[in-house]
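Source file coords-v4.txt; content: compact mmCIF, N, CA and C atoms.
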```txt
# COMPACT_ATOMS: atom_id res chain seq x y z
N MET U 1 -173.95 -0.35 -3.10
CA MET U 1 -172.62 -0.72 -2.65
C MET U 1 -171.64 0.38 -2.97
N THR U 2 -170.57 0.39 -2.22
CA THR U 2 -169.54 1.38 -2.48
C THR U 2 -168.62 0.87 -3.58
N ASP U 3 -167.84 1.78 -4.15
CA ASP U 3 -166.93 1.40 -5.23
C ASP U 3 -165.91 0.36 -4.77
N GLY U 4 -165.43 0.49 -3.55
CA GLY U 4 -164.45 -0.47 -3.02
C GLY U 4 -165.03 -1.86 -2.90
N MET U 5 -166.28 -1.96 -2.47
CA MET U 5 -166.92 -3.26 -2.35
C MET U 5 -167.19 -3.85 -3.72
N ASP U 6 -167.58 -3.00 -4.69
CA ASP U 6 -167.80 -3.48 -6.05
C ASP U 6 -166.51 -4.05 -6.64
N THR U 7 -165.42 -3.34 -6.42
CA THR U 7 -164.13 -3.79 -6.94
C THR U 7 -163.72 -5.10 -6.30
N ALA U 8 -163.89 -5.20 -4.99
CA ALA U 8 -163.54 -6.44 -4.29
C ALA U 8 -164.40 -7.60 -4.78
N LEU U 9 -165.69 -7.34 -5.01
CA LEU U 9 -166.59 -8.39 -5.48
C LEU U 9 -166.21 -8.83 -6.89
N ILE U 10 -165.83 -7.88 -7.72
CA ILE U 10 -165.41 -8.21 -9.09
C ILE U 10 -164.12 -9.04 -9.06
N VAL U 11 -163.17 -8.64 -8.23
CA VAL U 11 -161.91 -9.39 -8.11
C VAL U 11 -162.20 -10.80 -7.59
N PHE U 12 -163.03 -10.91 -6.56
CA PHE U 12 -163.37 -12.22 -6.01
C PHE U 12 -164.08 -13.08 -7.07
N ALA U 13 -164.99 -12.47 -7.82
CA ALA U 13 -165.69 -13.19 -8.88
C ALA U 13 -164.70 -13.67 -9.94
N GLY U 14 -163.73 -12.83 -10.29
CA GLY U 14 -162.74 -13.21 -11.28
C GLY U 14 -161.89 -14.39 -10.82
N PHE U 15 -161.42 -14.34 -9.56
CA PHE U 15 -160.62 -15.45 -9.04
C PHE U 15 -161.45 -16.73 -8.94
N THR U 16 -162.72 -16.59 -8.56
CA THR U 16 -163.59 -17.76 -8.46
C THR U 16 -163.81 -18.36 -9.85
N LEU U 17 -164.06 -17.51 -10.82
CA LEU U 17 -164.21 -17.99 -12.20
C LEU U 17 -162.95 -18.69 -12.69
N LEU U 18 -161.81 -18.06 -12.47
CA LEU U 18 -160.54 -18.63 -12.92
C LEU U 18 -160.27 -19.98 -12.27
N GLY U 19 -160.46 -20.05 -10.96
CA GLY U 19 -160.27 -21.32 -10.25
C GLY U 19 -161.23 -22.39 -10.75
N GLY U 20 -162.47 -21.99 -11.00
CA GLY U 20 -163.46 -22.94 -11.51
C GLY U 20 -163.09 -23.46 -12.89
N VAL U 21 -162.62 -22.58 -13.75
CA VAL U 21 -162.23 -22.99 -15.10
C VAL U 21 -161.04 -23.95 -15.03
N VAL U 22 -160.07 -23.64 -14.17
CA VAL U 22 -158.90 -24.51 -14.02
C VAL U 22 -159.33 -25.90 -13.53
N ALA U 23 -160.17 -25.95 -12.50
CA ALA U 23 -160.64 -27.24 -11.98
C ALA U 23 -161.44 -28.01 -13.03
N LEU U 24 -162.31 -27.30 -13.75
CA LEU U 24 -163.11 -27.92 -14.80
C LEU U 24 -162.22 -28.51 -15.89
N LEU U 25 -161.24 -27.75 -16.33
CA LEU U 25 -160.33 -28.24 -17.37
C LEU U 25 -159.48 -29.41 -16.89
N ALA U 26 -159.01 -29.35 -15.64
CA ALA U 26 -158.19 -30.44 -15.10
C ALA U 26 -159.00 -31.74 -15.05
N GLY U 27 -160.23 -31.65 -14.56
CA GLY U 27 -161.08 -32.84 -14.50
C GLY U 27 -161.42 -33.37 -15.87
N ALA U 28 -161.76 -32.48 -16.80
CA ALA U 28 -162.10 -32.90 -18.16
C ALA U 28 -160.90 -33.55 -18.84
N TYR U 29 -159.71 -32.97 -18.65
CA TYR U 29 -158.50 -33.55 -19.23
C TYR U 29 -158.24 -34.94 -18.66
N GLY U 30 -158.38 -35.11 -17.36
CA GLY U 30 -158.16 -36.41 -16.73
C GLY U 30 -159.13 -37.46 -17.25
N LEU U 31 -160.40 -37.10 -17.38
CA LEU U 31 -161.39 -38.03 -17.92
C LEU U 31 -161.08 -38.40 -19.37
N HIS U 32 -160.72 -37.40 -20.16
CA HIS U 32 -160.40 -37.64 -21.58
C HIS U 32 -159.17 -38.54 -21.70
N ARG U 33 -158.13 -38.25 -20.93
CA ARG U 33 -156.89 -39.02 -20.97
C ARG U 33 -157.16 -40.48 -20.61
N THR U 34 -157.89 -40.70 -19.55
CA THR U 34 -158.19 -42.07 -19.11
C THR U 34 -158.99 -42.81 -20.18
N ARG U 35 -160.00 -42.16 -20.74
CA ARG U 35 -160.80 -42.81 -21.79
C ARG U 35 -159.97 -43.12 -23.02
N ARG U 36 -159.10 -42.18 -23.40
CA ARG U 36 -158.28 -42.37 -24.60
C ARG U 36 -157.32 -43.54 -24.42
N ILE U 37 -156.66 -43.59 -23.28
CA ILE U 37 -155.68 -44.65 -23.06
C ILE U 37 -156.36 -46.00 -22.92
N THR U 38 -157.46 -46.07 -22.19
CA THR U 38 -158.11 -47.37 -22.00
C THR U 38 -158.80 -47.85 -23.27
N ALA U 39 -159.26 -46.92 -24.11
CA ALA U 39 -159.97 -47.32 -25.33
C ALA U 39 -159.02 -47.70 -26.46
N ARG U 40 -157.92 -46.96 -26.61
CA ARG U 40 -157.05 -47.18 -27.77
C ARG U 40 -155.64 -47.62 -27.41
N GLY U 41 -155.32 -47.68 -26.13
CA GLY U 41 -153.96 -48.02 -25.72
C GLY U 41 -153.74 -49.52 -25.68
N GLY U 42 -152.50 -49.88 -25.43
CA GLY U 42 -152.18 -51.28 -25.25
C GLY U 42 -152.43 -51.69 -23.81
N THR U 43 -152.53 -52.98 -23.58
CA THR U 43 -152.69 -53.47 -22.21
C THR U 43 -151.52 -54.40 -21.89
N ALA U 44 -151.20 -54.46 -20.62
CA ALA U 44 -150.10 -55.31 -20.16
C ALA U 44 -150.29 -55.63 -18.70
N VAL U 45 -149.54 -56.62 -18.26
CA VAL U 45 -149.47 -56.94 -16.84
C VAL U 45 -148.13 -56.39 -16.37
N ALA U 46 -148.18 -55.53 -15.35
CA ALA U 46 -146.98 -54.87 -14.85
C ALA U 46 -146.57 -55.46 -13.51
N LEU U 47 -145.28 -55.61 -13.34
CA LEU U 47 -144.71 -56.04 -12.07
C LEU U 47 -144.54 -54.80 -11.20
N VAL U 48 -145.01 -54.88 -9.96
CA VAL U 48 -144.85 -53.77 -9.02
C VAL U 48 -143.49 -53.92 -8.34
N LYS U 49 -142.69 -52.86 -8.45
CA LYS U 49 -141.36 -52.86 -7.85
C LYS U 49 -141.33 -51.80 -6.75
N PRO U 50 -140.40 -51.89 -5.81
CA PRO U 50 -140.34 -50.90 -4.73
C PRO U 50 -140.14 -49.48 -5.29
N ALA U 51 -140.60 -48.52 -4.53
CA ALA U 51 -140.44 -47.12 -4.91
C ALA U 51 -138.96 -46.75 -4.89
N ALA U 52 -138.60 -45.83 -5.77
CA ALA U 52 -137.23 -45.31 -5.78
C ALA U 52 -136.99 -44.57 -4.46
N PRO U 53 -135.74 -44.50 -4.01
CA PRO U 53 -135.46 -43.78 -2.76
C PRO U 53 -136.01 -42.35 -2.80
N GLY U 54 -136.76 -41.99 -1.78
CA GLY U 54 -137.34 -40.66 -1.68
C GLY U 54 -138.65 -40.49 -2.41
N ALA U 55 -139.12 -41.52 -3.10
CA ALA U 55 -140.39 -41.43 -3.84
C ALA U 55 -141.49 -42.13 -3.04
N ASP U 56 -142.75 -41.71 -3.27
CA ASP U 56 -143.86 -42.33 -2.56
C ASP U 56 -144.64 -43.30 -3.45
N ARG U 57 -144.26 -43.38 -4.72
CA ARG U 57 -144.97 -44.26 -5.65
C ARG U 57 -144.06 -45.40 -6.10
N PRO U 58 -144.59 -46.63 -6.02
CA PRO U 58 -143.77 -47.75 -6.50
C PRO U 58 -143.60 -47.67 -8.02
N LEU U 59 -142.66 -48.45 -8.51
CA LEU U 59 -142.42 -48.50 -9.95
C LEU U 59 -143.22 -49.64 -10.57
N LEU U 60 -143.65 -49.44 -11.79
CA LEU U 60 -144.33 -50.48 -12.55
C LEU U 60 -143.44 -50.84 -13.73
N GLN U 61 -143.14 -52.12 -13.90
CA GLN U 61 -142.31 -52.57 -15.01
C GLN U 61 -143.15 -53.50 -15.88
N TYR U 62 -143.16 -53.22 -17.18
CA TYR U 62 -143.95 -54.04 -18.09
C TYR U 62 -143.31 -54.04 -19.47
N GLU U 63 -143.80 -54.96 -20.29
CA GLU U 63 -143.32 -55.06 -21.66
C GLU U 63 -144.42 -54.61 -22.61
N THR U 64 -144.06 -53.73 -23.55
CA THR U 64 -145.03 -53.23 -24.53
C THR U 64 -145.26 -54.29 -25.60
N GLY U 65 -146.26 -54.07 -26.41
CA GLY U 65 -146.58 -54.99 -27.49
C GLY U 65 -145.44 -55.20 -28.47
N ASP U 66 -144.57 -54.19 -28.61
CA ASP U 66 -143.45 -54.33 -29.55
C ASP U 66 -142.17 -54.80 -28.86
N GLY U 67 -142.27 -55.26 -27.60
CA GLY U 67 -141.14 -55.88 -26.92
C GLY U 67 -140.27 -54.98 -26.06
N ARG U 68 -140.58 -53.69 -25.98
CA ARG U 68 -139.79 -52.79 -25.12
C ARG U 68 -140.17 -53.00 -23.67
N VAL U 69 -139.18 -52.98 -22.79
CA VAL U 69 -139.43 -53.06 -21.35
C VAL U 69 -139.44 -51.63 -20.83
N VAL U 70 -140.52 -51.27 -20.15
CA VAL U 70 -140.71 -49.90 -19.65
C VAL U 70 -140.87 -49.96 -18.15
N GLU U 71 -140.26 -49.00 -17.46
CA GLU U 71 -140.41 -48.89 -16.01
C GLU U 71 -140.82 -47.47 -15.69
N VAL U 72 -141.98 -47.32 -15.07
CA VAL U 72 -142.53 -46.00 -14.76
C VAL U 72 -143.04 -45.96 -13.34
N PRO U 73 -143.07 -44.78 -12.72
CA PRO U 73 -143.73 -44.67 -11.41
C PRO U 73 -145.23 -44.93 -11.58
N ALA U 74 -145.84 -45.53 -10.58
CA ALA U 74 -147.28 -45.76 -10.61
C ALA U 74 -147.99 -44.42 -10.76
N PRO U 75 -149.11 -44.38 -11.49
CA PRO U 75 -149.80 -43.11 -11.71
C PRO U 75 -150.41 -42.50 -10.45
N ALA U 76 -150.53 -43.28 -9.39
CA ALA U 76 -151.07 -42.77 -8.12
C ALA U 76 -150.37 -43.50 -6.98
N PRO U 77 -150.25 -42.86 -5.82
CA PRO U 77 -149.63 -43.55 -4.70
C PRO U 77 -150.51 -44.71 -4.23
N PRO U 78 -149.93 -45.72 -3.61
CA PRO U 78 -150.74 -46.83 -3.13
C PRO U 78 -151.68 -46.39 -2.02
N GLY U 79 -152.80 -47.07 -1.91
CA GLY U 79 -153.77 -46.76 -0.86
C GLY U 79 -154.39 -48.05 -0.36
N ARG U 80 -155.39 -47.92 0.51
CA ARG U 80 -156.05 -49.11 1.07
C ARG U 80 -156.66 -49.97 -0.03
N GLY U 81 -157.32 -49.34 -1.00
CA GLY U 81 -157.96 -50.10 -2.07
C GLY U 81 -156.99 -50.50 -3.16
N ARG U 82 -155.78 -49.99 -3.12
CA ARG U 82 -154.79 -50.25 -4.17
C ARG U 82 -153.42 -50.34 -3.49
N PRO U 83 -153.12 -51.46 -2.80
CA PRO U 83 -151.88 -51.51 -2.03
C PRO U 83 -150.60 -51.47 -2.87
N LEU U 84 -150.59 -52.02 -4.08
CA LEU U 84 -149.40 -52.03 -4.94
C LEU U 84 -148.18 -52.56 -4.20
N THR U 85 -148.28 -53.78 -3.73
CA THR U 85 -147.22 -54.44 -2.98
C THR U 85 -146.10 -54.87 -3.92
N PRO U 86 -144.86 -54.52 -3.59
CA PRO U 86 -143.74 -54.96 -4.44
C PRO U 86 -143.76 -56.48 -4.64
N GLY U 87 -143.58 -56.90 -5.88
CA GLY U 87 -143.62 -58.32 -6.23
C GLY U 87 -144.96 -58.75 -6.79
N SER U 88 -146.01 -57.96 -6.55
CA SER U 88 -147.32 -58.29 -7.10
C SER U 88 -147.41 -57.78 -8.54
N THR U 89 -148.49 -58.11 -9.20
CA THR U 89 -148.71 -57.63 -10.56
C THR U 89 -150.04 -56.90 -10.65
N VAL U 90 -150.13 -55.96 -11.59
CA VAL U 90 -151.37 -55.22 -11.84
C VAL U 90 -151.57 -55.12 -13.34
N ARG U 91 -152.82 -55.04 -13.74
CA ARG U 91 -153.13 -54.83 -15.16
C ARG U 91 -153.14 -53.34 -15.44
N ILE U 92 -152.51 -52.96 -16.52
CA ILE U 92 -152.45 -51.55 -16.91
C ILE U 92 -152.84 -51.40 -18.37
N SER U 93 -153.17 -50.19 -18.71
CA SER U 93 -153.32 -49.79 -20.10
C SER U 93 -152.32 -48.67 -20.30
N TYR U 94 -151.65 -48.67 -21.46
CA TYR U 94 -150.63 -47.66 -21.70
C TYR U 94 -150.84 -47.02 -23.07
N ASP U 95 -150.40 -45.80 -23.18
CA ASP U 95 -150.46 -45.06 -24.43
C ASP U 95 -149.40 -45.65 -25.37
N THR U 96 -149.80 -46.17 -26.52
CA THR U 96 -148.84 -46.80 -27.41
C THR U 96 -147.86 -45.79 -28.01
N ASP U 97 -148.26 -44.52 -28.08
CA ASP U 97 -147.35 -43.48 -28.57
C ASP U 97 -146.35 -43.05 -27.51
N ASP U 98 -146.76 -43.11 -26.24
CA ASP U 98 -145.89 -42.75 -25.12
C ASP U 98 -146.11 -43.76 -23.99
N PRO U 99 -145.41 -44.90 -24.03
CA PRO U 99 -145.66 -45.97 -23.06
C PRO U 99 -145.44 -45.57 -21.60
N ARG U 100 -144.87 -44.40 -21.35
CA ARG U 100 -144.71 -43.96 -19.97
C ARG U 100 -146.02 -43.46 -19.38
N ASP U 101 -147.03 -43.25 -20.21
CA ASP U 101 -148.34 -42.76 -19.78
C ASP U 101 -149.25 -43.97 -19.56
N VAL U 102 -149.52 -44.30 -18.28
CA VAL U 102 -150.27 -45.52 -17.95
C VAL U 102 -151.48 -45.22 -17.09
N VAL U 103 -152.42 -46.16 -17.14
CA VAL U 103 -153.62 -46.14 -16.30
C VAL U 103 -153.72 -47.51 -15.65
N LEU U 104 -153.92 -47.55 -14.34
CA LEU U 104 -154.14 -48.82 -13.65
C LEU U 104 -155.57 -49.26 -13.91
N LEU U 105 -155.75 -50.36 -14.59
CA LEU U 105 -157.10 -50.82 -14.90
C LEU U 105 -157.82 -51.25 -13.63
N GLY U 106 -159.04 -50.81 -13.51
CA GLY U 106 -159.82 -51.09 -12.32
C GLY U 106 -159.60 -50.07 -11.21
N HIS U 107 -158.64 -49.18 -11.38
CA HIS U 107 -158.33 -48.17 -10.37
C HIS U 107 -158.19 -46.80 -11.00
N GLU U 108 -158.99 -46.54 -12.03
CA GLU U 108 -158.93 -45.26 -12.70
C GLU U 108 -159.37 -44.16 -11.73
N ARG U 109 -158.95 -42.95 -12.01
CA ARG U 109 -159.27 -41.81 -11.15
C ARG U 109 -160.57 -41.13 -11.56
N GLY U 110 -161.52 -41.88 -12.06
CA GLY U 110 -162.76 -41.31 -12.55
C GLY U 110 -163.49 -40.46 -11.53
N ARG U 111 -163.57 -40.93 -10.30
CA ARG U 111 -164.29 -40.17 -9.27
C ARG U 111 -163.59 -38.85 -8.99
N VAL U 112 -162.29 -38.89 -8.90
CA VAL U 112 -161.53 -37.66 -8.63
C VAL U 112 -161.72 -36.66 -9.78
N ASP U 113 -161.60 -37.16 -11.01
CA ASP U 113 -161.75 -36.26 -12.16
C ASP U 113 -163.17 -35.70 -12.26
N ARG U 114 -164.17 -36.54 -11.98
CA ARG U 114 -165.56 -36.04 -12.01
C ARG U 114 -165.79 -35.01 -10.90
N ALA U 115 -165.15 -35.22 -9.75
CA ALA U 115 -165.26 -34.25 -8.66
C ALA U 115 -164.66 -32.91 -9.07
N PHE U 116 -163.52 -32.93 -9.76
CA PHE U 116 -162.93 -31.70 -10.26
C PHE U 116 -163.88 -30.99 -11.22
N VAL U 117 -164.50 -31.74 -12.12
CA VAL U 117 -165.45 -31.13 -13.06
C VAL U 117 -166.61 -30.51 -12.30
N LEU U 118 -167.16 -31.24 -11.33
CA LEU U 118 -168.30 -30.73 -10.56
C LEU U 118 -167.93 -29.47 -9.78
N VAL U 119 -166.81 -29.51 -9.08
CA VAL U 119 -166.37 -28.34 -8.32
C VAL U 119 -166.10 -27.17 -9.26
N GLY U 120 -165.52 -27.46 -10.42
CA GLY U 120 -165.27 -26.41 -11.40
C GLY U 120 -166.54 -25.76 -11.89
N VAL U 121 -167.55 -26.56 -12.21
CA VAL U 121 -168.83 -26.01 -12.67
C VAL U 121 -169.46 -25.15 -11.58
N VAL U 122 -169.45 -25.64 -10.35
CA VAL U 122 -170.04 -24.87 -9.24
C VAL U 122 -169.29 -23.55 -9.05
N ALA U 123 -167.97 -23.59 -9.09
CA ALA U 123 -167.18 -22.36 -8.92
C ALA U 123 -167.43 -21.38 -10.06
N VAL U 124 -167.54 -21.88 -11.28
CA VAL U 124 -167.84 -20.99 -12.42
C VAL U 124 -169.21 -20.34 -12.23
N LEU U 125 -170.20 -21.12 -11.82
CA LEU U 125 -171.54 -20.55 -11.60
C LEU U 125 -171.53 -19.51 -10.48
N ILE U 126 -170.81 -19.79 -9.40
CA ILE U 126 -170.71 -18.81 -8.32
C ILE U 126 -170.01 -17.56 -8.81
N GLY U 127 -168.92 -17.73 -9.54
CA GLY U 127 -168.19 -16.57 -10.08
C GLY U 127 -169.04 -15.73 -11.00
N LEU U 128 -169.82 -16.40 -11.87
CA LEU U 128 -170.71 -15.65 -12.77
C LEU U 128 -171.79 -14.92 -12.00
N THR U 129 -172.35 -15.56 -10.98
CA THR U 129 -173.36 -14.92 -10.15
C THR U 129 -172.80 -13.70 -9.45
N LEU U 130 -171.62 -13.83 -8.89
CA LEU U 130 -170.98 -12.68 -8.22
C LEU U 130 -170.68 -11.56 -9.21
N ALA U 131 -170.26 -11.92 -10.41
CA ALA U 131 -169.97 -10.89 -11.42
C ALA U 131 -171.23 -10.14 -11.81
N VAL U 132 -172.35 -10.87 -11.95
CA VAL U 132 -173.61 -10.21 -12.28
C VAL U 132 -174.06 -9.29 -11.15
N LEU U 133 -173.89 -9.74 -9.90
CA LEU U 133 -174.27 -8.92 -8.76
C LEU U 133 -173.42 -7.66 -8.65
N ALA U 134 -172.15 -7.74 -9.09
CA ALA U 134 -171.26 -6.61 -9.01
C ALA U 134 -171.63 -5.53 -10.01
N PHE U 135 -172.26 -5.93 -11.09
CA PHE U 135 -172.62 -4.94 -12.12
C PHE U 135 -174.04 -4.61 -11.96
```

The structure in this file should be written as structure tokens.
Amino acid sequence: MTDGMDTALIVFAGFTLLGGVVALLAGAYGLHRTRRITARGGTAVALVKPAAPGADRPLLQYETGDGRVVEVPAPAPPGRGRPLTPGSTVRISYDTDDPRDVVLLGHERGRVDRAFVLVGVVAVLIGLTLAVLAF
């Protein structure tokens, strides 16, 4: 290979590695956060309220174990499997240290986070392979 192609391959390998590491870390963080909140957090039933003007996520209002009323945007926009109709209720788990951090029970983002981990691992392996080929 020519020097220009080697340099391009090394740069491409570096960006692929970096993107893979970012995706891997994002997925791992999401999985860890969900497990931590659902395992050690408090649980509550939240009232679904309409989204704030200009927002795509409805608000969830609930009372913490110590009596505080908290209102937060839903952690994900509503979808077919999770309509989040205003006036309905949903079960949530919340971080007792930061009650604004919530997980919708039964609608965790486990698949999305696992997909990020998988894509990250694949991208890291491709980046490493390209780096080895460049040298």

message: Could you list, as a count of residues only, every residue within 12 Å of Ala39 of chain U, counting only C-alpha atoms and ignoring same-chain residues fewer than 3 positions away?
response: 14

- prompt: Where does DSSP see strand (DSSP E) in segment 43-88 of chain U, if you list the residues as a list in words?
  reply: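 Reading the DSSP output for segment 43-88 of chain U, strand (DSSP E) covers Thr43, Ala44, Val45, Ala46, Leu47, Val48, Lys49, Leu59, Leu60, Gln61, Tyr62, Glu63, Val69, Val70, Glu71, Val72 and Pro73 of chain U.
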
- prompt: Given the choices U:Leu104, U:Val21, U:Val70, U:Ala52, which gets closest to Ile92 of chain U if the distance is worked out from only C-alpha atoms?
  reply: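 When distances to Ile92 of chain U are compared using only C-alpha atoms, the smallest one comes from U:Leu104.
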
message: Counting only C-alpha atoms, which residue out of U:Val119, U:Ala55, U:Pro99, U:His107 sits closest to Gly20 of chain U?
response: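 Among the listed residues, the smallest separation from Gly20 of chain U belongs to U:Val119.
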
Near segment 127-131 of chain U, counting only C-alpha atoms, which residues have an atom at most 8 Å away, once you skip same-chain residues fewer than 3 positions from it, shown as a PDB file with N, CA and C atoms, keeping the file's coordinate frame?
```pdb
ATOM      1  N   LEU U   9    -165.690  -7.340  -5.010  1.00  0.00           N
ATOM      2  CA  LEU U   9    -166.590  -8.390  -5.480  1.00  0.00           C
ATOM      3  C   LEU U   9    -166.210  -8.830  -6.890  1.00  0.00           C
ATOM      4  N   ILE U  10    -165.830  -7.880  -7.720  1.00  0.00           N
ATOM      5  CA  ILE U  10    -165.410  -8.210  -9.090  1.00  0.00           C
ATOM      6  C   ILE U  10    -164.120  -9.040  -9.060  1.00  0.00           C
ATOM      7  N   PHE U  12    -163.030 -10.910  -6.560  1.00  0.00           N
ATOM      8  CA  PHE U  12    -163.370 -12.220  -6.010  1.00  0.00           C
ATOM      9  C   PHE U  12    -164.080 -13.080  -7.070  1.00  0.00           C
ATOM     10  N   ALA U  13    -164.990 -12.470  -7.820  1.00  0.00           N
ATOM     11  CA  ALA U  13    -165.690 -13.190  -8.880  1.00  0.00           C
ATOM     12  C   ALA U  13    -164.700 -13.670  -9.940  1.00  0.00           C
ATOM     13  N   GLY U  14    -163.730 -12.830 -10.290  1.00  0.00           N
ATOM     14  CA  GLY U  14    -162.740 -13.210 -11.280  1.00  0.00           C
ATOM     15  C   GLY U  14    -161.890 -14.390 -10.820  1.00  0.00           C
ATOM     16  N   PHE U  15    -161.420 -14.340  -9.560  1.00  0.00           N
ATOM     17  CA  PHE U  15    -160.620 -15.450  -9.040  1.00  0.00           C
ATOM     18  C   PHE U  15    -161.450 -16.730  -8.940  1.00  0.00           C
ATOM     19  N   THR U  16    -162.720 -16.590  -8.560  1.00  0.00           N
ATOM     20  CA  THR U  16    -163.590 -17.760  -8.460  1.00  0.00           C
ATOM     21  C   THR U  16    -163.810 -18.360  -9.850  1.00  0.00           C
ATOM     22  N   LEU U  17    -164.060 -17.510 -10.820  1.00  0.00           N
ATOM     23  CA  LEU U  17    -164.210 -17.990 -12.200  1.00  0.00           C
ATOM     24  C   LEU U  17    -162.950 -18.690 -12.690  1.00  0.00           C
ATOM     25  N   ALA U 123    -167.970 -23.590  -9.090  1.00  0.00           N
ATOM     26  CA  ALA U 123    -167.180 -22.360  -8.920  1.00  0.00           C
ATOM     27  C   ALA U 123    -167.430 -21.380 -10.060  1.00  0.00           C
ATOM     28  N   VAL U 124    -167.540 -21.880 -11.280  1.00  0.00           N
ATOM     29  CA  VAL U 124    -167.840 -20.990 -12.420  1.00  0.00           C
ATOM     30  C   VAL U 124    -169.210 -20.340 -12.230  1.00  0.00           C
ATOM     31  N   ALA U 134    -172.150  -7.740  -9.090  1.00  0.00           N
ATOM     32  CA  ALA U 134    -171.260  -6.610  -9.010  1.00  0.00           C
ATOM     33  C   ALA U 134    -171.630  -5.530 -10.010  1.00  0.00           C
ATOM     34  N   PHE U 135    -172.260  -5.930 -11.090  1.00  0.00           N
ATOM     35  CA  PHE U 135    -172.620  -4.940 -12.120  1.00  0.00           C
ATOM     36  C   PHE U 135    -174.040  -4.610 -11.960  1.00  0.00           C
TER      37      PHE U 135
END
```

task: Can you work out which one of U:Gly19, U:Pro78, U:Pro83, U:Gly27 has the shortest atom-to-atom distance to Asp56 of chain U, counting all atoms listed in the file?
output: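 Using all atoms listed in the file, Asp56 of chain U sits closest to U:Pro78.
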
query: For Gly41 of chain U, which residue out of U:Ala23, U:Asp6, U:Asp97, U:Val90 is the nearest one, using only N, CA and C atoms?
result: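 Looking only at the distances to Gly41 of chain U, the closest residue turns out to be U:Asp97.
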
query: What gap, in Å, lies between atom CA of Val45 of chain U and atom CA of Arg111 of chain U?
result: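 We find that atom CA of Val45 of chain U and atom CA of Arg111 of chain U lie 23.6 Å from each other.
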
- prompt: Which parts of chain U does DSSP call alpha helix (DSSP H) when run on the backbone here, written out as a PyMOL selection string?
  reply: chain U and resi 3-40+110-134

- line: Judged by all atoms listed in the file, the minimum distance to Thr38 of chain U among U:Ile126, U:Val102, U:Ala76, U:Leu18 is found for U:Val102

field: Separation of atom CA of Ala51 of chain U from atom CA of Glu63 of chain U in Å
entry: 18.8 Å

- line: Using only N, CA and C atoms, the best pick from U:Ala44, U:Ala115, U:Leu59, U:Leu25 as closest to Arg91 of chain U would be U:Ala44

message: Could you tell me how far atom CA of Glu71 of chain U sits from atom CA of Pro53 of chain U, in Å to one decimal place?
response: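 Distance reported for this atom pair: 15.0 Å.
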
Completed segment 95-105 of chain U (N, CA, C and O atoms) as an mmCIF file, in the coordinates of the input:
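Saved file result-v7.cif follows:
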```cif
data_model
loop_
_atom_site.group_PDB
_atom_site.id
_atom_site.type_symbol
_atom_site.label_atom_id
_atom_site.label_comp_id
_atom_site.auth_asym_id
_atom_site.auth_seq_id
_atom_site.Cartn_x
_atom_site.Cartn_y
_atom_site.Cartn_z
ATOM 1 N N ASP U 95 -150.400 -45.800 -23.180
ATOM 2 C CA ASP U 95 -150.460 -45.060 -24.430
ATOM 3 C C ASP U 95 -149.400 -45.650 -25.370
ATOM 4 O O ASP U 95 -148.212 -45.637 -25.036
ATOM 5 N N THR U 96 -149.800 -46.170 -26.520
ATOM 6 C CA THR U 96 -148.840 -46.800 -27.410
ATOM 7 C C THR U 96 -147.860 -45.790 -28.010
ATOM 8 O O THR U 96 -146.750 -46.149 -28.382
ATOM 9 N N ASP U 97 -148.260 -44.520 -28.080
ATOM 10 C CA ASP U 97 -147.350 -43.480 -28.570
ATOM 11 C C ASP U 97 -146.350 -43.050 -27.510
ATOM 12 O O ASP U 97 -145.236 -42.620 -27.819
ATOM 13 N N ASP U 98 -146.760 -43.110 -26.240
ATOM 14 C CA ASP U 98 -145.890 -42.750 -25.120
ATOM 15 C C ASP U 98 -146.110 -43.760 -23.990
ATOM 16 O O ASP U 98 -146.951 -43.542 -23.109
ATOM 17 N N PRO U 99 -145.410 -44.900 -24.030
ATOM 18 C CA PRO U 99 -145.660 -45.970 -23.060
ATOM 19 C C PRO U 99 -145.440 -45.570 -21.600
ATOM 20 O O PRO U 99 -145.775 -46.332 -20.706
ATOM 21 N N ARG U 100 -144.870 -44.400 -21.350
ATOM 22 C CA ARG U 100 -144.710 -43.960 -19.970
ATOM 23 C C ARG U 100 -146.020 -43.460 -19.380
ATOM 24 O O ARG U 100 -146.130 -43.237 -18.185
ATOM 25 N N ASP U 101 -147.030 -43.250 -20.210
ATOM 26 C CA ASP U 101 -148.340 -42.760 -19.780
ATOM 27 C C ASP U 101 -149.250 -43.970 -19.560
ATOM 28 O O ASP U 101 -149.677 -44.612 -20.512
ATOM 29 N N VAL U 102 -149.520 -44.300 -18.280
ATOM 30 C CA VAL U 102 -150.270 -45.520 -17.950
ATOM 31 C C VAL U 102 -151.480 -45.220 -17.090
ATOM 32 O O VAL U 102 -151.545 -44.208 -16.398
ATOM 33 N N VAL U 103 -152.420 -46.160 -17.140
ATOM 34 C CA VAL U 103 -153.620 -46.140 -16.300
ATOM 35 C C VAL U 103 -153.720 -47.510 -15.650
ATOM 36 O O VAL U 103 -153.595 -48.532 -16.336
ATOM 37 N N LEU U 104 -153.920 -47.550 -14.340
ATOM 38 C CA LEU U 104 -154.140 -48.820 -13.650
ATOM 39 C C LEU U 104 -155.570 -49.260 -13.910
ATOM 40 O O LEU U 104 -156.522 -48.573 -13.523
ATOM 41 N N LEU U 105 -155.750 -50.360 -14.590
ATOM 42 C CA LEU U 105 -157.100 -50.820 -14.900
ATOM 43 C C LEU U 105 -157.820 -51.250 -13.630
ATOM 44 O O LEU U 105 -157.251 -51.943 -12.791
#
```
